[in-house]
$ cat target_31.txt   # compact mmCIF, C-alpha atoms and all ligand atoms
# COMPACT_ATOMS: atom_id res chain seq x y z
CA PRO D 1 74.13 104.01 61.29
CA ARG D 2 75.50 102.88 64.61
CA SER D 3 73.78 100.23 66.68
CA ILE D 4 73.63 99.00 70.23
CA TRP D 5 73.64 95.35 71.23
CA LEU D 6 71.99 94.23 74.47
CA SER D 7 72.30 90.93 76.29
CA ARG D 8 71.50 89.60 79.72
CA HIS D 9 74.24 87.58 81.40
CA GLY D 10 74.02 83.84 80.78
CA GLU D 11 71.97 81.78 83.19
CA SER D 12 73.51 82.01 86.67
CA GLN D 13 73.54 79.56 89.55
CA TYR D 14 71.03 81.85 91.31
CA ASN D 15 68.75 81.77 88.23
CA VAL D 16 68.76 77.98 88.47
CA GLU D 17 67.80 78.15 92.16
CA GLY D 18 65.15 80.84 91.55
CA LYS D 19 66.95 83.34 93.81
CA ILE D 20 67.17 87.05 93.06
CA GLY D 21 70.19 89.31 93.46
CA GLY D 22 73.50 87.98 94.71
CA ASP D 23 76.77 87.70 92.81
CA ALA D 24 76.67 84.09 91.64
CA ASP D 25 78.75 82.41 88.94
CA LEU D 26 77.21 81.29 85.66
CA SER D 27 75.59 77.85 85.47
CA VAL D 28 76.78 75.25 82.96
CA ARG D 29 74.18 76.58 80.48
CA GLY D 30 75.28 80.12 81.23
CA TYR D 31 78.88 79.25 80.35
CA ALA D 32 77.64 77.62 77.15
CA TYR D 33 75.99 80.94 76.25
CA ALA D 34 79.24 82.81 76.97
CA GLN D 35 81.01 80.43 74.61
CA ALA D 36 78.35 80.82 71.91
CA LEU D 37 78.32 84.64 72.08
CA PRO D 38 81.27 85.49 69.80
CA GLU D 39 79.68 83.60 66.91
CA LEU D 40 76.19 84.87 67.73
CA VAL D 41 77.26 88.53 67.56
CA ALA D 42 79.88 88.23 64.80
CA LYS D 43 77.30 88.19 62.00
CA SER D 44 75.52 91.35 63.10
CA VAL D 45 78.64 93.25 64.20
CA GLY D 46 80.68 92.58 61.07
CA ASP D 47 83.82 94.68 61.21
CA ALA D 48 82.24 97.56 63.14
CA GLU D 49 84.27 98.80 66.10
CA ILE D 50 82.41 98.21 69.31
CA THR D 51 83.00 98.72 73.00
CA LEU D 52 81.64 96.19 75.46
CA TRP D 53 80.13 97.32 78.75
CA THR D 54 79.35 95.01 81.66
CA SER D 55 78.27 95.50 85.24
CA THR D 56 80.73 94.80 88.06
CA MET D 57 79.07 91.45 88.82
CA LYS D 58 80.71 88.12 88.07
CA ARG D 59 77.90 86.81 85.89
CA THR D 60 78.14 89.64 83.34
CA ILE D 61 81.96 89.61 83.30
CA GLN D 62 81.96 85.82 82.79
CA THR D 63 79.39 86.16 79.99
CA ALA D 64 81.57 88.68 78.16
CA HIS D 65 84.77 86.70 78.70
CA HIS D 66 85.16 85.31 75.17
CA LEU D 67 84.20 88.51 73.35
CA LYS D 68 87.34 90.22 72.13
CA TYR D 69 86.26 93.86 72.28
CA PRO D 70 87.59 96.65 74.50
CA LYS D 71 85.71 96.33 77.81
CA LYS D 72 84.51 98.64 80.52
CA GLN D 73 82.77 97.80 83.82
CA TRP D 74 80.11 100.11 85.23
CA LYS D 75 78.71 99.94 88.76
CA ALA D 76 75.67 101.79 87.39
CA LEU D 77 74.91 98.66 85.33
CA ASP D 78 74.63 96.40 88.40
CA GLU D 79 71.28 94.67 88.92
CA LEU D 80 68.37 96.36 90.71
CA ASP D 81 69.31 96.08 94.40
CA ALA D 82 66.72 93.90 96.14
CA GLY D 83 67.89 95.03 99.63
CA VAL D 84 66.65 92.71 102.39
CA CYS D 85 65.24 90.36 99.72
CA ASP D 86 68.63 89.78 98.09
CA GLY D 87 69.28 86.04 97.86
CA LEU D 88 65.65 85.00 98.42
CA THR D 89 63.26 83.23 96.04
CA TYR D 90 59.95 84.95 95.16
CA GLU D 91 58.21 82.29 97.29
CA GLU D 92 60.37 83.19 100.29
CA ILE D 93 59.71 86.89 99.73
CA GLU D 94 55.95 86.28 99.65
CA GLU D 95 56.21 84.30 102.89
CA LYS D 96 58.52 86.68 104.80
CA TYR D 97 57.22 89.99 103.44
CA PRO D 98 53.62 89.38 102.27
CA VAL D 99 52.62 93.05 102.42
CA ASP D 100 55.64 94.09 100.37
CA PHE D 101 55.09 91.29 97.90
CA ARG D 102 51.62 92.62 97.18
CA ALA D 103 52.74 96.26 97.16
CA ARG D 104 55.29 95.43 94.50
CA ASP D 105 52.65 93.67 92.45
CA ASP D 106 50.42 96.75 92.69
CA ASP D 107 53.08 99.24 91.63
CA LYS D 108 56.14 97.46 90.38
CA TYR D 109 57.75 100.60 88.90
CA ASN D 110 57.71 102.58 92.13
CA TYR D 111 58.08 99.80 94.70
CA ARG D 112 61.45 100.10 96.48
CA TYR D 113 62.84 97.04 98.27
CA HIS D 114 63.78 97.77 101.90
CA GLY D 115 67.43 98.79 101.81
CA GLY D 116 67.35 98.49 98.03
CA GLU D 117 65.95 100.04 94.87
CA SER D 118 62.89 100.47 92.69
CA TYR D 119 62.78 100.43 88.90
CA ARG D 120 62.38 104.21 89.15
CA ASP D 121 65.69 104.35 91.08
CA VAL D 122 67.36 102.25 88.38
CA VAL D 123 66.12 104.59 85.65
CA THR D 124 67.67 107.50 87.56
CA ARG D 125 71.03 105.84 88.05
CA LEU D 126 71.10 104.85 84.36
CA GLU D 127 70.93 108.48 83.19
CA PRO D 128 74.71 108.89 82.75
CA ILE D 129 74.92 105.49 81.04
CA ILE D 130 72.20 106.41 78.58
CA MET D 131 73.80 109.79 77.91
CA GLU D 132 77.03 108.01 77.08
CA MET D 133 75.18 105.51 74.85
CA GLU D 134 73.55 108.42 73.01
CA ARG D 135 76.97 109.79 72.01
CA GLY D 136 76.88 107.57 68.97
CA GLU D 137 79.46 104.82 69.30
CA ASN D 138 78.64 101.16 68.74
CA ILE D 139 78.19 99.66 72.18
CA MET D 140 77.33 96.20 73.42
CA VAL D 141 75.92 96.04 76.93
CA VAL D 142 75.93 92.79 78.91
CA THR D 143 73.94 93.38 82.06
CA HIS D 144 70.91 92.31 84.07
CA GLN D 145 67.20 91.85 83.43
CA ALA D 146 65.79 94.84 85.31
CA VAL D 147 68.54 97.15 84.01
CA LEU D 148 68.05 96.00 80.43
CA ARG D 149 64.29 96.49 80.68
CA CYS D 150 64.92 100.16 81.47
CA ILE D 151 67.53 100.65 78.73
CA TYR D 152 65.33 98.84 76.20
CA ALA D 153 62.24 100.90 77.06
CA TYR D 154 64.26 104.08 76.67
CA PHE D 155 65.57 103.25 73.19
CA MET D 156 62.21 101.84 72.04
CA ASN D 157 60.46 105.04 73.16
CA VAL D 158 58.28 103.15 75.61
CA PRO D 159 57.28 105.23 78.67
CA GLN D 160 59.78 104.50 81.47
CA ASP D 161 57.06 103.35 83.88
CA GLN D 162 56.38 100.44 81.51
CA SER D 163 59.97 99.17 81.94
CA PRO D 164 59.11 96.37 84.42
CA TRP D 165 57.11 94.58 81.72
CA MET D 166 59.61 94.55 78.86
CA GLU D 167 60.41 91.02 77.62
CA ILE D 168 64.15 90.46 77.84
CA PRO D 169 64.75 86.71 77.69
CA LEU D 170 67.95 84.88 78.60
CA HIS D 171 70.42 83.79 75.92
CA THR D 172 69.26 86.32 73.33
CA VAL D 173 71.12 89.25 71.80
CA ILE D 174 68.98 92.28 70.94
CA LYS D 175 70.34 94.67 68.33
CA LEU D 176 68.80 98.15 68.26
CA THR D 177 69.48 100.62 65.47
CA PRO D 178 68.01 104.12 65.82
CA ARG D 179 66.47 105.28 62.54
CA ALA D 180 64.66 108.42 61.46
CA TYR D 181 61.28 106.72 61.80
CA GLY D 182 61.97 104.84 65.04
CA THR D 183 64.28 102.18 66.42
CA GLN D 184 64.84 99.06 64.37
CA GLU D 185 65.04 95.88 66.46
CA GLU D 186 66.54 92.47 65.69
CA ARG D 187 66.80 89.52 68.07
CA PHE D 188 69.31 86.67 67.85
CA LYS D 189 68.62 83.66 70.03
CA ALA D 190 71.48 81.35 70.99
CA ASP D 191 71.04 77.71 70.09
CA ILE D 192 72.09 76.14 73.39
O1 LIG H 1 65.60 91.42 90.61
C1 LIG H 1 65.76 91.64 89.44
C2 LIG H 1 65.20 90.82 88.35
O2 LIG H 1 66.13 90.66 87.29
C3 LIG H 1 64.01 91.48 87.78
O3 LIG H 1 62.92 90.73 88.11
O4 LIG H 1 60.59 90.99 87.46
O5 LIG H 1 61.24 90.86 89.87
O6 LIG H 1 61.80 92.90 88.56
P1 LIG H 1 61.55 91.43 88.53

$ encode --input "target_31.txt" --output "structure tokens" --more "lines below"
Ligand code: G3H
Amino acid sequence: PRSIWLSRHGESQYNVEGKIGGDADLSVRGYAYAQALPELVAKSVGDAEITLWTSTMKRTIQTAHHLKYPKKQWKALDELDAGVCDGLTYEEIEEKYPVDFRARDDDKYNYRYHGGESYRDVVTRLEPIIMEMERGENIMVVTHQAVLRCIYAYFMNVPQDQSPWMEIPLHTVIKLTPRAYGTQEERFKADI
């Protein structure tokens, strides 16, 4: 049966600084992950034909750089837009927008950043992506934490409003294979 492979981008410069959003380059560790990826996925891909999807952001494109599969960039795979909070740390958000910070904590799925998006918005914009993924080809998706949480919840049959709490760590490839009795999951962690 066909499978899908999911990975976050490697650690970015913004990840190191604790900032959200932006369009930063990978960090040194992030580049090490990009270099380790071909070997990490080779074992589980074998000689299957796969297509690699990234967002339009530098950190996902850089992460996919060494993978020699046909590639496609999707704007719909860009990270949850944090609006006015883009480029801030969570500490700075709490300080500048204390009411919002608490509102997000109370209802993380529905909370929409000013000038940005909620997880619910991301689920909506992912609909065409998920439809395309359902068509049955082998696809590897290199994208962002919030986006992957929504895609993962969908394929694992977890209610969409639970998406914000899915565990999608850095530097780990998740392989999902839909089966008659449910989705089989394997995780491959890079040794970097
Ligand atoms: O801003 C997007 C992050 O990747 C997701 O983090 O737990 O604040 O939604 P979050």

$ closest_atom_pairs --input "target_31.txt" --of "chain D" --to "ligand LIG 1 (chain H)" --cutoff "9 Å" --atoms "all atoms listed in the file" --output "JSON lines"
{"residue": "D:Lys19", "atom": "CA", "partner": "H:LIG1", "partner_atom": "O1", "distance": 8.8}
{"residue": "D:Ile20", "atom": "CA", "partner": "H:LIG1", "partner_atom": "O1", "distance": 5.3}
{"residue": "D:Gly21", "atom": "CA", "partner": "H:LIG1", "partner_atom": "O1", "distance": 5.8}
{"residue": "D:Glu79", "atom": "CA", "partner": "H:LIG1", "partner_atom": "C1", "distance": 6.3}
{"residue": "D:Leu80", "atom": "CA", "partner": "H:LIG1", "partner_atom": "C1", "distance": 5.5}
{"residue": "D:Asp81", "atom": "CA", "partner": "H:LIG1", "partner_atom": "O1", "distance": 7.1}
{"residue": "D:Ala82", "atom": "CA", "partner": "H:LIG1", "partner_atom": "O1", "distance": 6.2}
{"residue": "D:Asp86", "atom": "CA", "partner": "H:LIG1", "partner_atom": "O1", "distance": 8.2}
{"residue": "D:Tyr90", "atom": "CA", "partner": "H:LIG1", "partner_atom": "O5", "distance": 8.0}
{"residue": "D:Arg104", "atom": "CA", "partner": "H:LIG1", "partner_atom": "O5", "distance": 8.8}
{"residue": "D:Lys108", "atom": "CA", "partner": "H:LIG1", "partner_atom": "O6", "distance": 7.5}
{"residue": "D:Tyr109", "atom": "CA", "partner": "H:LIG1", "partner_atom": "O6", "distance": 8.7}
{"residue": "D:Ser118", "atom": "CA", "partner": "H:LIG1", "partner_atom": "O6", "distance": 8.7}
{"residue": "D:Tyr119", "atom": "CA", "partner": "H:LIG1", "partner_atom": "O6", "distance": 7.6}
{"residue": "D:His144", "atom": "CA", "partner": "H:LIG1", "partner_atom": "O2", "distance": 6.0}
{"residue": "D:Gln145", "atom": "CA", "partner": "H:LIG1", "partner_atom": "O2", "distance": 4.2}
{"residue": "D:Ala146", "atom": "CA", "partner": "H:LIG1", "partner_atom": "C3", "distance": 4.5}
{"residue": "D:Val147", "atom": "CA", "partner": "H:LIG1", "partner_atom": "O2", "distance": 7.7}
{"residue": "D:Leu148", "atom": "CA", "partner": "H:LIG1", "partner_atom": "O2", "distance": 8.9}
{"residue": "D:Arg149", "atom": "CA", "partner": "H:LIG1", "partner_atom": "C3", "distance": 8.7}
{"residue": "D:Pro164", "atom": "CA", "partner": "H:LIG1", "partner_atom": "O6", "distance": 6.0}
{"residue": "D:Trp165", "atom": "CA", "partner": "H:LIG1", "partner_atom": "O4", "distance": 7.6}

$ atom_distance --input "target_31.txt" --atom1 "atom CA of Glu39 of chain D" --atom2 "atom CA of Leu67 of chain D"
9.3 Å

$ atom_distance --input "target_31.txt" --atom1 "atom CA of His66 of chain D" --atom2 "atom CA of Tyr33 of chain D"
10.2 Å

$ atom_distance --input "target_31.txt" --atom1 "atom CA of Phe155 of chain D" --atom2 "atom CA of Gly22 of chain D"
27.6 Å

$ residues_around --input "target_31.txt" --residues "Val173 of chain D" --least-positions-apart "4" --cutoff "6 Å" --atoms "all atoms listed in the file" --output "list in words"
Leu6, Ser7, Arg187 and Phe188 of chain D

$ closest_residue --input "target_31.txt" --among "D:Arg2, D:Arg120, D:His114, D:Lys189" --to "Thr177 of chain D" --atoms "all atoms listed in the file"
D:Arg2

$ residues_around --input "target_31.txt" --residues "Ala153 of chain D" --least-positions-apart "4" --cutoff "8 Å" --atoms "all atoms listed in the file" --output "JSON, numbers by chain"
{"D": [149, 157, 158, 159, 160, 162, 163, 166]}

$ write_last_selection --input "target_31.txt" --atoms "C-alpha atoms" --output "compact mmCIF listing (two decimals), keeping the file's coordinate frame"
# COMPACT_ATOMS: atom_id res chain seq x y z
CA ARG D 149 64.29 96.49 80.68
CA ASN D 157 60.46 105.04 73.16
CA VAL D 158 58.28 103.15 75.61
CA PRO D 159 57.28 105.23 78.67
CA GLN D 160 59.78 104.50 81.47
CA GLN D 162 56.38 100.44 81.51
CA SER D 163 59.97 99.17 81.94
CA MET D 166 59.61 94.55 78.86

$ closest_residue --input "target_31.txt" --among "D:Ser3, D:Ser12, D:Thr183, D:Gln35" --to "Thr60 of chain D" --atoms "all atoms listed in the file"
D:Ser12

$ residues_around --input "target_31.txt" --residues "Asp191 of chain D" --least-positions-apart "5" --cutoff "10 Å" --atoms "all atoms listed in the file" --output "VMD selection string"
chain D and resid 32 to 33 36 40 171 to 172

$ residues_around --input "target_31.txt" --residues "Leu77 of chain D" --least-positions-apart "6" --cutoff "8 Å" --atoms "only C-alpha atoms" --output "tab-separated table (two decimals) with C-alpha atoms, in the frame of the given file"
chain	number	residue	atom	x	y	z
D	54	THR	CA	79.35	95.01	81.66
D	55	SER	CA	78.27	95.50	85.24
D	56	THR	CA	80.73	94.80	88.06
D	126	LEU	CA	71.10	104.85	84.36
D	143	THR	CA	73.94	93.38	82.06
D	144	HIS	CA	70.91	92.31	84.07
D	147	VAL	CA	68.54	97.15	84.01

$ closest_residue --input "target_31.txt" --among "D:Lys43, D:Lys75, D:Arg135, D:Arg59" --to "Tyr14 of chain D" --atoms "only C-alpha atoms"
D:Arg59

$ decode --input "target_31.txt" --residues "segment 50-66 of chain D" --atoms "N, CA and C atoms" --output "compact mmCIF listing (two decimals), in the first residue's frame"
# COMPACT_ATOMS: atom_id res chain seq x y z
N ILE D 50 8.25 8.55 -5.19
CA ILE D 50 7.56 9.51 -4.35
C ILE D 50 7.73 10.93 -4.87
N THR D 51 6.77 11.76 -4.52
CA THR D 51 6.83 13.18 -4.84
C THR D 51 6.98 13.93 -3.54
N LEU D 52 7.84 14.94 -3.56
CA LEU D 52 8.17 15.69 -2.35
C LEU D 52 7.49 17.06 -2.39
N TRP D 53 6.71 17.34 -1.37
CA TRP D 53 6.04 18.64 -1.27
C TRP D 53 6.67 19.45 -0.14
N THR D 54 6.90 20.74 -0.41
CA THR D 54 7.36 21.65 0.64
C THR D 54 6.41 22.85 0.66
N SER D 55 6.62 23.71 1.65
CA SER D 55 5.95 25.00 1.63
C SER D 55 6.76 25.92 0.73
N THR D 56 6.44 27.21 0.73
CA THR D 56 7.23 28.16 -0.08
C THR D 56 8.29 28.84 0.78
N MET D 57 8.46 28.37 2.02
CA MET D 57 9.40 29.04 2.93
C MET D 57 10.79 28.40 2.85
N LYS D 58 11.79 29.25 3.06
CA LYS D 58 13.18 28.83 2.86
C LYS D 58 13.53 27.59 3.68
N ARG D 59 13.03 27.56 4.93
CA ARG D 59 13.48 26.46 5.81
C ARG D 59 12.98 25.09 5.36
N THR D 60 11.84 25.02 4.68
CA THR D 60 11.40 23.69 4.18
C THR D 60 12.13 23.35 2.88
N ILE D 61 12.37 24.36 2.04
CA ILE D 61 13.06 24.12 0.77
C ILE D 61 14.51 23.70 1.04
N GLN D 62 15.15 24.36 2.01
CA GLN D 62 16.53 23.99 2.38
C GLN D 62 16.58 22.58 2.97
N THR D 63 15.56 22.22 3.74
CA THR D 63 15.53 20.88 4.36
C THR D 63 15.42 19.80 3.29
N ALA D 64 14.69 20.08 2.23
CA ALA D 64 14.46 19.09 1.17
C ALA D 64 15.59 19.05 0.14
N HIS D 65 16.52 19.99 0.26
CA HIS D 65 17.51 20.21 -0.79
C HIS D 65 18.21 18.94 -1.29
N HIS D 66 18.63 18.08 -0.37
CA HIS D 66 19.43 16.91 -0.77
C HIS D 66 18.59 15.70 -1.17
